[in-house]
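Structure data follow from upload22.cif (mmCIF, C-alpha atoms):
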data_start
#
loop_
_atom_site.label_atom_id
_atom_site.label_comp_id
_atom_site.auth_asym_id
_atom_site.auth_seq_id
_atom_site.Cartn_x
_atom_site.Cartn_y
_atom_site.Cartn_z
CA MET A 217 -2.40 -19.19 -6.95
CA SER A 218 -5.09 -21.04 -8.90
CA LYS A 219 -5.20 -20.44 -12.64
CA LYS A 220 -7.98 -18.09 -13.70
CA LYS A 221 -9.75 -16.85 -16.78
CA VAL A 222 -8.61 -13.23 -16.92
CA LEU A 223 -10.19 -10.67 -19.23
CA VAL A 224 -7.75 -7.78 -19.74
CA LEU A 225 -9.61 -4.53 -20.41
CA VAL A 226 -7.66 -1.93 -22.42
CA HIS A 227 -8.16 1.08 -24.66
CA SER A 228 -8.75 -0.06 -28.25
CA ASP A 229 -5.63 1.83 -29.43
CA LEU A 230 -3.43 0.18 -26.79
CA ILE A 231 -3.80 -3.50 -27.68
CA PRO A 232 -0.13 -4.53 -27.90
CA PRO A 233 1.33 -6.54 -30.79
CA GLN A 234 1.55 -10.27 -30.11
CA ASP A 235 4.93 -10.99 -31.68
CA ILE A 236 7.86 -8.94 -30.37
CA SER A 237 11.48 -10.00 -30.79
CA LYS A 238 13.88 -10.21 -27.86
CA GLU A 239 16.10 -7.67 -29.61
CA GLU A 240 13.26 -5.12 -29.69
CA GLU A 241 12.42 -5.74 -26.04
CA ALA A 242 16.04 -5.07 -25.11
CA ARG A 243 16.09 -1.60 -26.67
CA GLU A 244 16.03 1.34 -24.27
CA GLU A 245 13.15 3.08 -26.04
CA PHE A 246 10.96 -0.05 -25.81
CA GLU A 247 9.77 0.91 -22.33
CA TYR A 248 8.33 4.13 -23.78
CA LYS A 249 5.91 2.40 -26.16
CA PRO A 250 2.35 3.67 -25.50
CA TRP A 251 1.11 0.10 -24.96
CA ILE A 252 4.01 -1.07 -22.77
CA THR A 253 1.87 -1.45 -19.62
CA GLU A 254 -0.67 -3.55 -21.48
CA TYR A 255 2.11 -5.68 -22.97
CA ASN A 256 3.83 -6.25 -19.62
CA VAL A 257 0.60 -7.20 -17.82
CA ILE A 258 -0.73 -9.50 -20.56
CA LYS A 259 2.60 -11.29 -20.99
CA THR A 260 2.99 -11.75 -17.23
CA LEU A 261 -0.54 -13.09 -16.76
CA LYS A 262 0.10 -15.64 -19.52
CA ASN A 263 3.46 -16.61 -18.00
CA LEU A 264 1.66 -17.19 -14.71
CA GLY A 265 -0.49 -19.74 -16.50
CA HIS A 266 -3.75 -17.82 -16.63
CA ASN A 267 -6.15 -18.10 -19.56
CA VAL A 268 -6.03 -14.54 -20.92
CA LYS A 269 -8.34 -12.73 -23.30
CA VAL A 270 -7.89 -9.07 -24.30
CA VAL A 271 -10.76 -6.73 -25.13
CA GLY A 272 -10.25 -3.18 -26.41
CA LEU A 273 -12.83 -0.44 -25.80
CA TYR A 274 -13.31 3.07 -27.09
CA SER A 275 -16.93 4.25 -27.13
CA ASP A 276 -18.98 1.05 -27.21
CA LEU A 277 -19.55 -1.30 -24.25
CA MET A 278 -20.92 -4.11 -26.40
CA PRO A 279 -17.49 -5.80 -26.97
CA LEU A 280 -17.08 -5.95 -23.19
CA ARG A 281 -20.51 -7.46 -22.63
CA GLU A 282 -19.97 -10.02 -25.40
CA ALA A 283 -16.54 -10.98 -24.04
CA ILE A 284 -17.97 -11.47 -20.55
CA ASP A 285 -20.87 -13.58 -21.86
CA GLU A 286 -18.66 -15.76 -24.06
CA PHE A 287 -15.41 -15.96 -22.06
CA LYS A 288 -17.01 -15.93 -18.57
CA PRO A 289 -13.92 -14.52 -16.84
CA ASN A 290 -13.14 -15.07 -13.17
CA ILE A 291 -11.82 -11.53 -13.09
CA VAL A 292 -11.33 -8.47 -15.28
CA PHE A 293 -7.86 -6.89 -15.14
CA ASN A 294 -8.78 -3.26 -15.65
CA LEU A 295 -6.20 -1.18 -17.54
CA LEU A 296 -8.73 1.24 -19.04
CA GLU A 297 -7.99 4.91 -18.28
CA GLU A 298 -10.72 6.59 -20.33
CA PHE A 299 -13.87 5.87 -22.30
CA ASN A 300 -15.05 7.72 -25.40
CA GLY A 301 -12.05 10.03 -25.06
CA ASN A 302 -13.06 11.17 -21.55
CA VAL A 303 -10.84 10.32 -18.55
CA LEU A 304 -13.80 10.72 -16.19
CA PHE A 305 -15.79 7.97 -17.87
CA ASP A 306 -13.55 5.10 -16.73
CA GLN A 307 -15.51 5.09 -13.46
CA ASN A 308 -18.69 4.37 -15.46
CA VAL A 309 -17.14 1.31 -17.06
CA VAL A 310 -16.19 0.02 -13.61
CA SER A 311 -19.76 0.69 -12.43
CA TYR A 312 -20.95 -1.39 -15.39
CA LEU A 313 -18.72 -4.27 -14.24
CA GLU A 314 -20.25 -3.99 -10.79
CA LEU A 315 -23.77 -4.10 -12.24
CA LEU A 316 -22.78 -7.29 -14.07
CA LYS A 317 -21.35 -8.63 -10.79
CA VAL A 318 -17.96 -9.23 -12.38
CA LYS A 319 -14.84 -8.99 -10.21
CA TYR A 320 -12.15 -6.57 -11.35
CA THR A 321 -8.73 -5.26 -10.33
CA GLY A 322 -8.07 -1.74 -9.16
CA ASN A 323 -10.23 1.02 -7.80
CA ASN A 324 -13.95 1.24 -7.24
CA PRO A 325 -16.11 3.83 -9.07
CA ARG A 326 -16.36 6.18 -6.08
CA GLY A 327 -12.59 6.29 -5.55
CA LEU A 328 -12.01 6.90 -9.27
CA MET A 329 -14.59 9.70 -9.33
CA ILE A 330 -13.17 11.50 -6.30
CA ALA A 331 -9.49 11.17 -7.15
CA ARG A 332 -9.86 12.09 -10.85
CA ASP A 333 -11.37 15.44 -9.83
CA LYS A 334 -8.34 17.19 -8.32
CA ALA A 335 -10.46 19.96 -6.77
CA MET A 336 -12.91 17.58 -5.11
CA ALA A 337 -10.02 15.49 -3.77
CA LYS A 338 -8.30 18.58 -2.35
CA LYS A 339 -11.50 19.75 -0.65
CA LEU A 340 -11.86 16.38 1.07
CA LEU A 341 -8.20 16.35 2.09
CA SER A 342 -8.46 19.87 3.50
CA TYR A 343 -11.59 18.94 5.45
CA HIS A 344 -9.66 16.10 7.06
CA ARG A 345 -6.72 18.45 7.78
CA ILE A 346 -4.37 16.75 5.37
CA LYS A 347 -2.02 19.34 3.92
CA THR A 348 -2.44 20.06 0.21
CA PRO A 349 -1.57 23.25 -1.71
CA GLN A 350 -4.11 26.10 -1.75
CA PHE A 351 -5.94 26.16 -5.09
CA GLN A 352 -8.51 27.81 -7.32
CA VAL A 353 -10.58 26.28 -10.13
CA PHE A 354 -11.33 28.08 -13.41
CA LYS A 355 -14.39 26.67 -15.16
CA ASN A 356 -14.58 29.13 -18.05
CA ARG A 357 -12.73 32.04 -19.61
CA LYS A 358 -15.00 34.63 -17.97
CA LYS A 359 -13.30 34.34 -14.59
CA THR A 360 -10.26 36.57 -14.93
CA LYS A 361 -9.04 37.13 -11.37
CA LEU A 362 -6.85 35.05 -9.15
CA SER A 363 -7.77 34.60 -5.51
CA LYS A 364 -5.77 36.89 -3.22
CA LYS A 365 -5.25 33.90 -0.92
CA LEU A 366 -2.92 32.26 -3.42
CA LYS A 367 0.80 32.89 -3.09
CA PHE A 368 3.24 32.82 -6.02
CA PRO A 369 4.77 30.81 -7.56
CA LEU A 370 1.72 28.94 -8.83
CA ILE A 371 1.30 25.92 -11.06
CA VAL A 372 -1.47 25.76 -13.68
CA LYS A 373 -2.85 22.33 -14.62
CA CYS A 374 -5.81 20.64 -16.28
CA LEU A 375 -8.36 19.67 -13.65
CA TYR A 376 -8.85 16.07 -14.76
CA GLN A 377 -5.89 14.99 -16.94
CA ASP A 378 -3.15 12.68 -15.66
CA ALA A 379 0.29 11.48 -16.88
CA SER A 380 1.49 15.12 -16.64
CA LEU A 381 -0.53 15.99 -19.76
CA GLY A 382 -0.37 19.74 -20.38
CA ILE A 383 2.36 20.30 -17.78
CA SER A 384 5.58 22.02 -18.89
CA GLY A 385 8.04 24.61 -17.67
CA ALA A 386 5.47 27.27 -18.58
CA SER A 387 3.04 25.74 -16.08
CA ILE A 388 4.86 27.42 -13.19
CA VAL A 389 3.92 31.10 -13.15
CA LYS A 390 5.04 34.06 -11.01
CA SER A 391 2.49 36.70 -12.02
CA GLU A 392 -1.26 36.95 -12.51
CA GLU A 393 -0.76 37.87 -16.16
CA LYS A 394 1.21 34.68 -16.86
CA ALA A 395 -1.29 32.59 -14.88
CA LEU A 396 -4.27 33.84 -16.88
CA GLU A 397 -2.32 33.36 -20.11
CA ARG A 398 -1.60 29.72 -19.20
CA ILE A 399 -5.21 29.12 -18.12
CA LYS A 400 -6.48 30.30 -21.50
CA TYR A 401 -3.91 28.14 -23.30
CA LEU A 402 -4.96 24.95 -21.48
CA MET A 403 -8.67 25.66 -21.90
CA ASP A 404 -8.22 26.24 -25.63
CA LYS A 405 -6.08 23.12 -26.11
CA TYR A 406 -7.82 20.58 -23.87
CA GLU A 407 -11.32 22.09 -23.60
CA GLU A 408 -11.65 21.39 -19.90
CA GLU A 409 -11.55 23.16 -16.55
CA VAL A 410 -8.24 24.29 -15.08
CA ILE A 411 -6.87 24.21 -11.55
CA VAL A 412 -4.32 26.72 -10.26
CA GLU A 413 -2.49 25.82 -7.07
CA GLU A 414 0.46 27.00 -5.04
CA PHE A 415 3.70 25.40 -6.16
CA ILE A 416 5.52 23.78 -3.25
CA GLU A 417 9.24 24.33 -3.62
CA GLY A 418 10.98 21.21 -2.39
CA ARG A 419 11.51 17.51 -3.03
CA GLU A 420 8.97 15.33 -4.86
CA PHE A 421 8.07 11.79 -3.78
CA PHE A 422 5.89 8.92 -5.01
CA VAL A 423 4.30 6.41 -2.65
CA GLY A 424 2.64 3.23 -3.90
CA VAL A 425 -0.22 1.81 -1.84
CA ILE A 426 -1.83 -1.62 -2.32
CA GLY A 427 -4.85 -3.03 -0.54
CA ASN A 428 -8.42 -2.57 0.54
CA LYS A 429 -8.68 -2.56 4.35
CA ARG A 430 -5.16 -3.76 5.16
CA LEU A 431 -2.72 -1.53 3.29
CA THR A 432 0.76 -2.30 2.00
CA ILE A 433 2.93 0.81 1.66
CA LEU A 434 5.69 0.38 -0.91
CA PRO A 435 9.13 1.97 -0.42
CA ILE A 436 9.09 5.73 -0.95
CA LEU A 437 10.61 6.89 -4.23
CA GLU A 438 12.05 10.32 -4.95
CA LEU A 439 12.11 12.21 -8.24
CA ARG A 440 15.67 13.44 -8.70
CA PHE A 441 17.09 16.13 -10.99
CA ASN A 442 20.81 15.40 -10.75
CA LYS A 443 22.08 17.90 -13.34
CA VAL A 444 20.35 21.12 -12.27
CA ASP A 445 21.39 23.79 -9.75
CA LYS A 446 17.99 24.13 -8.03
CA PRO A 447 16.13 20.80 -8.16
CA GLU A 448 13.54 22.10 -5.68
CA LEU A 449 12.19 24.35 -8.44
CA GLU A 450 11.78 21.55 -10.99
CA LEU A 451 8.58 19.64 -11.72
CA TYR A 452 7.60 16.34 -13.33
CA SER A 453 6.45 17.78 -16.64
CA GLU A 454 5.20 15.88 -19.67
CA LYS A 455 8.65 16.19 -21.24
CA ALA A 456 10.40 15.15 -18.02
CA LYS A 457 8.30 12.02 -17.90
CA TRP A 458 8.39 10.89 -21.54
CA ASN A 459 11.29 12.56 -23.41
CA MET A 460 14.50 10.51 -23.05
CA LYS A 461 16.79 13.26 -24.37
CA TYR A 462 15.33 15.80 -21.92
CA ARG A 463 15.60 13.32 -19.04
CA LYS A 464 19.29 12.76 -19.75
CA SER A 465 20.03 16.49 -20.06
CA LYS A 466 18.60 17.17 -16.59
CA GLY A 467 19.79 13.94 -15.00
CA ILE A 468 16.26 12.88 -14.16
CA ASP A 469 16.03 9.67 -12.20
CA ILE A 470 13.70 7.91 -9.78
CA GLU A 471 15.53 6.67 -6.70
CA LEU A 472 14.73 5.23 -3.28
CA ALA A 473 14.18 8.17 -0.97
CA ASP A 474 16.97 9.00 1.45
CA ILE A 475 15.12 10.93 4.16
CA PRO A 476 15.12 11.19 7.96
CA LYS A 477 13.05 8.62 9.84
CA GLU A 478 10.57 11.21 11.15
CA VAL A 479 9.90 12.55 7.63
CA LYS A 480 9.44 9.00 6.32
CA GLU A 481 6.93 8.21 9.08
CA ARG A 482 5.10 11.46 8.39
CA ILE A 483 4.84 10.64 4.68
CA ILE A 484 3.58 7.09 5.30
CA LYS A 485 0.95 8.32 7.75
CA ILE A 486 -0.36 11.03 5.43
CA CYS A 487 -0.46 8.64 2.45
CA LYS A 488 -2.49 6.06 4.38
CA ARG A 489 -4.93 8.76 5.47
CA THR A 490 -5.19 10.12 1.92
CA TYR A 491 -5.91 6.65 0.51
CA LYS A 492 -8.73 6.13 3.02
CA VAL A 493 -10.20 9.65 2.83
CA LEU A 494 -10.46 9.45 -0.97
CA GLU A 495 -12.06 5.97 -0.64
CA LEU A 496 -9.43 4.30 -2.81
CA ASN A 497 -8.89 0.56 -2.95
CA GLY A 498 -6.99 -1.96 -5.04
CA TYR A 499 -3.90 0.13 -5.65
CA ALA A 500 -2.87 3.76 -6.10
CA ARG A 501 0.15 6.04 -6.18
CA ILE A 502 0.24 9.14 -3.97
CA ASP A 503 2.34 12.06 -5.26
CA LEU A 504 3.58 14.62 -2.76
CA ARG A 505 6.15 17.33 -2.27
CA VAL A 506 8.03 18.06 0.95
CA ASP A 507 9.06 21.64 1.70
CA GLU A 508 12.30 22.82 3.29
CA ASN A 509 10.81 22.32 6.76
CA GLY A 510 10.06 18.65 6.13
CA ILE A 511 6.31 19.22 5.81
CA PRO A 512 4.64 16.94 3.19
CA TYR A 513 1.88 18.28 0.93
CA ILE A 514 -0.31 15.91 -1.07
CA ILE A 515 -0.21 16.93 -4.74
CA GLU A 516 -2.57 14.26 -6.03
CA ALA A 517 -3.61 10.64 -5.72
CA ASN A 518 -3.50 8.44 -8.81
CA PRO A 519 -5.93 5.50 -8.73
CA ASN A 520 -4.92 2.61 -10.99
CA PRO A 521 -1.51 4.16 -11.77
CA ASN A 522 0.85 2.98 -14.48
CA ILE A 523 2.11 -0.51 -13.61
CA ALA A 524 4.52 -1.06 -16.49
CA MET A 525 7.45 -3.26 -15.48
CA LYS A 526 9.91 -0.35 -15.41
CA ASP A 527 7.57 2.33 -14.07
CA GLU A 528 7.64 3.81 -10.55
CA PHE A 529 5.02 1.54 -9.01
CA ALA A 530 6.66 -1.71 -10.10
CA MET A 531 10.08 -0.27 -9.24
CA ALA A 532 8.95 0.40 -5.67
CA ALA A 533 7.45 -3.08 -5.42
CA GLU A 534 10.74 -4.61 -6.62
CA SER A 535 12.57 -2.65 -3.90
CA ALA A 536 10.23 -4.27 -1.35
CA GLY A 537 11.10 -7.73 -2.64
CA ILE A 538 7.91 -8.05 -4.70
CA SER A 539 8.82 -9.25 -8.18
CA TYR A 540 6.69 -8.17 -11.14
CA LYS A 541 5.01 -11.58 -11.25
CA LYS A 542 4.22 -11.31 -7.54
CA LEU A 543 2.91 -7.76 -8.01
CA ILE A 544 0.49 -8.80 -10.76
CA THR A 545 -0.58 -11.79 -8.65
CA LYS A 546 -1.13 -9.51 -5.65
CA LEU A 547 -3.33 -7.16 -7.67
CA VAL A 548 -5.40 -10.07 -8.98
CA ASN A 549 -5.77 -11.53 -5.49
#

As C-alpha cells:
Amino acid sequence: MSKKKVLVLVHSDLIPPQDISKEEEAREEFEYKPWITEYNVIKTLKNLGHNVKVVGLYSDLMPLREAIDEFKPNIVFNLLEEFNGNVLFDQNVVSYLELLKVKYTGNNPRGLMIARDKAMAKKLLSYHRIKTPQFQVFKNRKKTKLSKKLKFPLIVKCLYQDASLGISGASIVKSEEKALERIKYLMDKYEEEVIVEEFIEGREFFVGVIGNKRLTILPILELRFNKVDKPELELYSEKAKWNMKYRKSKGIDIELADIPKEVKERIIKICKRTYKVLELNGYARIDLRVDENGIPYIIEANPNPNIAMKDEFAMAAESAGISYKKLITKLVN
C-alpha cells in the first residue's frame, strides 16, 4: 500500500495523549479509555508509514476546512460520531467532505442518516421483509398508550443513541405502567424521542461487514453470559458493555458463534440484505438476536462501529486472519 497523507477526524474531547508508556498500555483497564479507538487507529496508521494529522471537532467546521487546505490529505479517516453534541449531525460533516470532494473512510451520509434513525431503519427492513421486532415510537410525553400490537416483554430505548447509552436492566419492561415510566425517564434524561420494541428472548450476535459493492462478512460473534441461569433474558446494557466488575460478575464474554450451518447461512444472508437495504458502505456491524426457533431478528445496524483493537469488530477480523494493521489498511483502501 502506498503511503498517504491521512487526516484523522475525531471529537475534540477524544484526541488521545501522544506519550503513553508500555506499562500503561498493558493494563487491563487501558482498553476502556474513552479515546482508545482514536489511539489505536492513529498509532496504527503511523506504524504503517502514513503521514498522519489529527483534527478534533465539536461545533465548528473551520478547523476541518483549514486542515484540509493546509495538509491536503489523500483521505480523511472518519472517527467522528457526533457534531455539536448531536449524534445525527455526523452525517452532515460527511456531506461537507463530499462537497469538498475529499475521500473519507466509512459510511456515506445517506447510510448514516437511515441507520441512525432506528425507526426509519426498521420501516425499511420491514418493507423488504427482513425480520425486525415490532416497535412504536414516542415523540413526546403526550402519547400515553402502547400499541395493542406489541407483545411483552418490551425494551425501551433512545431512538438515536448508540453504544447502549440509556440501556439498563430497567429497559426491559413487562407492563404498560413500567413502559411509560421508562419512556418518561429517558425523555427527561436525554431529551430525545424514544422507541419501544418487542424484546426477542434468545441469543445475541454481532456481524461485521466491510465493503461497498463486494461485501466481506466477518466471522459471527456471540454475546455470552456465562454466569447467569437464563442468558436468553439478558441484554447488552451500558453497564454490561463498559463496567468491568459487572462483566466479570455475569461472565460476559464475546466469543465466536457456535451455531448450526443453516442458522449461520440465514444470519449471513439477512446481514447482507440489511447492509444493502440501509444503503450502508465502508463498514458496519449488524446486531441481531435469534429466537428459540433459530429465526434471526435484526436489532440494529451500526454504521462506522467501534474499531478499537480489542473491540468486537477488530476481534472478528482477527478471527478471519485479518490483523489490525490489515484491517485499518482495508478500511483506507

Quote the spacing between CA of Glu413 (chain A) and CA of Val353 (chain A) in Å to one decimal place.
->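 Pair CA of Glu413 (chain A) / CA of Val353 (chain A) returns 8.7 Å.
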
If we count all atoms listed in the file and set the cut-off at 8 Å, which residues sit around region 242-257 of chain A, ignoring sequence neighbours fewer than 3 positions away in its own chain? Please answer as a PDB file with C-alpha atoms, keeping the file's coordinate frame.
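File out_1.pdb, as written:
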ATOM      1  CA  VAL A 226      -7.660  -1.930 -22.420  1.00  0.00           C
ATOM      2  CA  LEU A 230      -3.430   0.180 -26.790  1.00  0.00           C
ATOM      3  CA  ILE A 231      -3.800  -3.500 -27.680  1.00  0.00           C
ATOM      4  CA  PRO A 232      -0.130  -4.530 -27.900  1.00  0.00           C
ATOM      5  CA  PRO A 233       1.330  -6.540 -30.790  1.00  0.00           C
ATOM      6  CA  LYS A 238      13.880 -10.210 -27.860  1.00  0.00           C
ATOM      7  CA  GLU A 239      16.100  -7.670 -29.610  1.00  0.00           C
ATOM      8  CA  THR A 260       2.990 -11.750 -17.230  1.00  0.00           C
ATOM      9  CA  LEU A 261      -0.540 -13.090 -16.760  1.00  0.00           C
ATOM     10  CA  LEU A 295      -6.200  -1.180 -17.540  1.00  0.00           C
ATOM     11  CA  TRP A 458       8.390  10.890 -21.540  1.00  0.00           C
ATOM     12  CA  ASN A 522       0.850   2.980 -14.480  1.00  0.00           C
ATOM     13  CA  ILE A 523       2.110  -0.510 -13.610  1.00  0.00           C
ATOM     14  CA  ALA A 524       4.520  -1.060 -16.490  1.00  0.00           C
ATOM     15  CA  MET A 525       7.450  -3.260 -15.480  1.00  0.00           C
ATOM     16  CA  LYS A 526       9.910  -0.350 -15.410  1.00  0.00           C
ATOM     17  CA  ILE A 544       0.490  -8.800 -10.760  1.00  0.00           C
TER      18      ILE A 544
END

Quote the spacing between CA of Leu370 (chain A) and CA of Ile388 (chain A) in Å to one decimal place.
->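 Going from CA of Leu370 (chain A) over to CA of Ile388 (chain A), I get 5.6 Å.
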
Please tell me which residues are no farther than 8 Å from (13.7, 5.7, -2.8) in the file, counting all atoms listed in the file, and write them as a ChimeraX atom specification.
-> /A:435-438,470-474,532

Same residues, C-alpha atoms, output as a compact mmCIF listing (two decimals), keeping the file's coordinate frame:
# COMPACT_ATOMS: atom_id res chain seq x y z
CA PRO A 435 9.13 1.97 -0.42
CA ILE A 436 9.09 5.73 -0.95
CA LEU A 437 10.61 6.89 -4.23
CA GLU A 438 12.05 10.32 -4.95
CA ILE A 470 13.70 7.91 -9.78
CA GLU A 471 15.53 6.67 -6.70
CA LEU A 472 14.73 5.23 -3.28
CA ALA A 473 14.18 8.17 -0.97
CA ASP A 474 16.97 9.00 1.45
CA ALA A 532 8.95 0.40 -5.67

Can you pull out every residue within 6 Å of region 492-501 of chain A, counting all atoms listed in the file, but drop anything in the same chain fewer than 5 positions away, and send it as a list in words?
->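 After dropping sequence-adjacent residues, the list is Gly322, Asn323, Gly327, Val423, Gly424, Val425, Ile426, Gly427, Asn428, Ala517, Asn518, Pro519, Asn520 and Pro521 of chain A.
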
Using all atoms listed in the file, which of A:Leu304, A:Ala386, A:Ile399, A:Val412 sits nearest Gln350 (chain A)?
-> A:Val412

What does the PyMOL selection byres ((chain A and resi 303) around 10) select in this file, as a CSV table (one decimal) with C-alpha atoms, in the frame of the given file?
chain,number,residue,atom,x,y,z
A,296,LEU,CA,-8.7,1.2,-19.0
A,297,GLU,CA,-8.0,4.9,-18.3
A,298,GLU,CA,-10.7,6.6,-20.3
A,299,PHE,CA,-13.9,5.9,-22.3
A,300,ASN,CA,-15.0,7.7,-25.4
A,301,GLY,CA,-12.0,10.0,-25.1
A,302,ASN,CA,-13.1,11.2,-21.6
A,304,LEU,CA,-13.8,10.7,-16.2
A,305,PHE,CA,-15.8,8.0,-17.9
A,306,ASP,CA,-13.6,5.1,-16.7
A,307,GLN,CA,-15.5,5.1,-13.5
A,328,LEU,CA,-12.0,6.9,-9.3
A,329,MET,CA,-14.6,9.7,-9.3
A,332,ARG,CA,-9.9,12.1,-10.8
A,376,TYR,CA,-8.8,16.1,-14.8
A,377,GLN,CA,-5.9,15.0,-16.9
A,378,ASP,CA,-3.2,12.7,-15.7

Neighbours of Lys400 (chain A) within 9 Å (only C-alpha atoms; same-chain residues fewer than 5 positions away dropped), as a count of residues only?
-> 5

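For the set A:Val389, A:Ile236, A:Ile515, A:Leu277, the residue with the smallest atom-to-atom gap to Val309 (chain A) is A:Leu277, counting only C-alpha atoms.
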
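Taking CA of Lys464 (chain A) as the reference point, CA of Lys373 (chain A) is found at 24.7 Å.
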
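Of the listed residues A:Ser539, A:Ser342, A:Asn267, A:Ser391, the one whose atoms come nearest to Phe287 (chain A) is A:Asn267, with distances taken using only C-alpha atoms.
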
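Shortest atom-to-atom contact with Val224 (chain A) among A:Pro289, A:Lys339, A:Phe441, A:Glu478: A:Pro289, counting all atoms listed in the file.
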
Once the PyMOL selection byres ((chain A and resi 505-513) around 12) has been applied to the shown file, what residues remain in the selection, as a ChimeraX atom specification?
-> /A:338,341-342,345-350,413-423,437-439,448-452,473,475-487,490,502-504,514-517

Do a neighbour search on region 280-283 of chain A at 12 Å with only C-alpha atoms, toss out local chain neighbours closer than 2 positions, and write the hits as a PyMOL selection string.
-> chain A and resi 221-228+268-278+285-289+291-292+294+296+309-310+312-313+315-318

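Among the candidates A:Arg326, A:His344, A:Lys457, A:Lys319, the one nearest to Gly382 (chain A) when counting all atoms listed in the file is A:Lys457.
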
Residues near Leu402 (chain A), cut-off 7 Å, only C-alpha atoms, skip fewer than 4 positions along chain, as a compact mmCIF listing (two decimals) with C-alpha atoms, keeping the file's coordinate frame:
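Output below, filename result-v6.txt:
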# COMPACT_ATOMS: atom_id res chain seq x y z
CA CYS A 374 -5.81 20.64 -16.28
CA ARG A 398 -1.60 29.72 -19.20
CA TYR A 406 -7.82 20.58 -23.87

Could you complete region 505-516 of chain A so that it carries N, CA, C and O atoms, and give it back as an mmCIF file, in the frame of the given file?
data_model
loop_
_atom_site.group_PDB
_atom_site.id
_atom_site.type_symbol
_atom_site.label_atom_id
_atom_site.label_comp_id
_atom_site.auth_asym_id
_atom_site.auth_seq_id
_atom_site.Cartn_x
_atom_site.Cartn_y
_atom_site.Cartn_z
ATOM 1 N N ARG A 505 4.917 16.557 -2.355
ATOM 2 C CA ARG A 505 6.150 17.330 -2.270
ATOM 3 C C ARG A 505 6.384 17.701 -0.817
ATOM 4 O O ARG A 505 5.430 17.946 -0.072
ATOM 5 N N VAL A 506 7.657 17.737 -0.424
ATOM 6 C CA VAL A 506 8.030 18.060 0.950
ATOM 7 C C VAL A 506 8.835 19.346 0.935
ATOM 8 O O VAL A 506 9.830 19.460 0.205
ATOM 9 N N ASP A 507 8.382 20.337 1.713
ATOM 10 C CA ASP A 507 9.060 21.640 1.700
ATOM 11 C C ASP A 507 10.345 21.603 2.533
ATOM 12 O O ASP A 507 10.710 20.574 3.112
ATOM 13 N N GLU A 508 11.007 22.747 2.618
ATOM 14 C CA GLU A 508 12.300 22.820 3.290
ATOM 15 C C GLU A 508 12.214 22.519 4.786
ATOM 16 O O GLU A 508 13.217 22.207 5.428
ATOM 17 N N ASN A 509 10.997 22.605 5.342
ATOM 18 C CA ASN A 509 10.810 22.320 6.760
ATOM 19 C C ASN A 509 10.420 20.872 7.034
ATOM 20 O O ASN A 509 10.110 20.507 8.168
ATOM 21 N N GLY A 510 10.406 20.057 5.959
ATOM 22 C CA GLY A 510 10.060 18.650 6.130
ATOM 23 C C GLY A 510 8.567 18.390 6.204
ATOM 24 O O GLY A 510 8.145 17.308 6.627
ATOM 25 N N ILE A 511 7.759 19.360 5.773
ATOM 26 C CA ILE A 511 6.310 19.220 5.810
ATOM 27 C C ILE A 511 5.824 18.675 4.467
ATOM 28 O O ILE A 511 6.046 19.292 3.425
ATOM 29 N N PRO A 512 5.151 17.504 4.462
ATOM 30 C CA PRO A 512 4.640 16.940 3.190
ATOM 31 C C PRO A 512 3.296 17.539 2.797
ATOM 32 O O PRO A 512 2.426 17.748 3.630
ATOM 33 N N TYR A 513 3.133 17.790 1.502
ATOM 34 C CA TYR A 513 1.880 18.280 0.930
ATOM 35 C C TYR A 513 1.440 17.298 -0.151
ATOM 36 O O TYR A 513 2.208 16.991 -1.061
ATOM 37 N N ILE A 514 0.220 16.810 -0.048
ATOM 38 C CA ILE A 514 -0.310 15.910 -1.070
ATOM 39 C C ILE A 514 -0.571 16.710 -2.348
ATOM 40 O O ILE A 514 -1.301 17.699 -2.333
ATOM 41 N N ILE A 515 0.036 16.290 -3.447
ATOM 42 C CA ILE A 515 -0.210 16.930 -4.740
ATOM 43 C C ILE A 515 -1.419 16.290 -5.404
ATOM 44 O O ILE A 515 -2.354 16.973 -5.811
ATOM 45 N N GLU A 516 -1.406 14.970 -5.498
ATOM 46 C CA GLU A 516 -2.570 14.260 -6.030
ATOM 47 C C GLU A 516 -2.445 12.775 -5.762
ATOM 48 O O GLU A 516 -1.353 12.265 -5.484
#
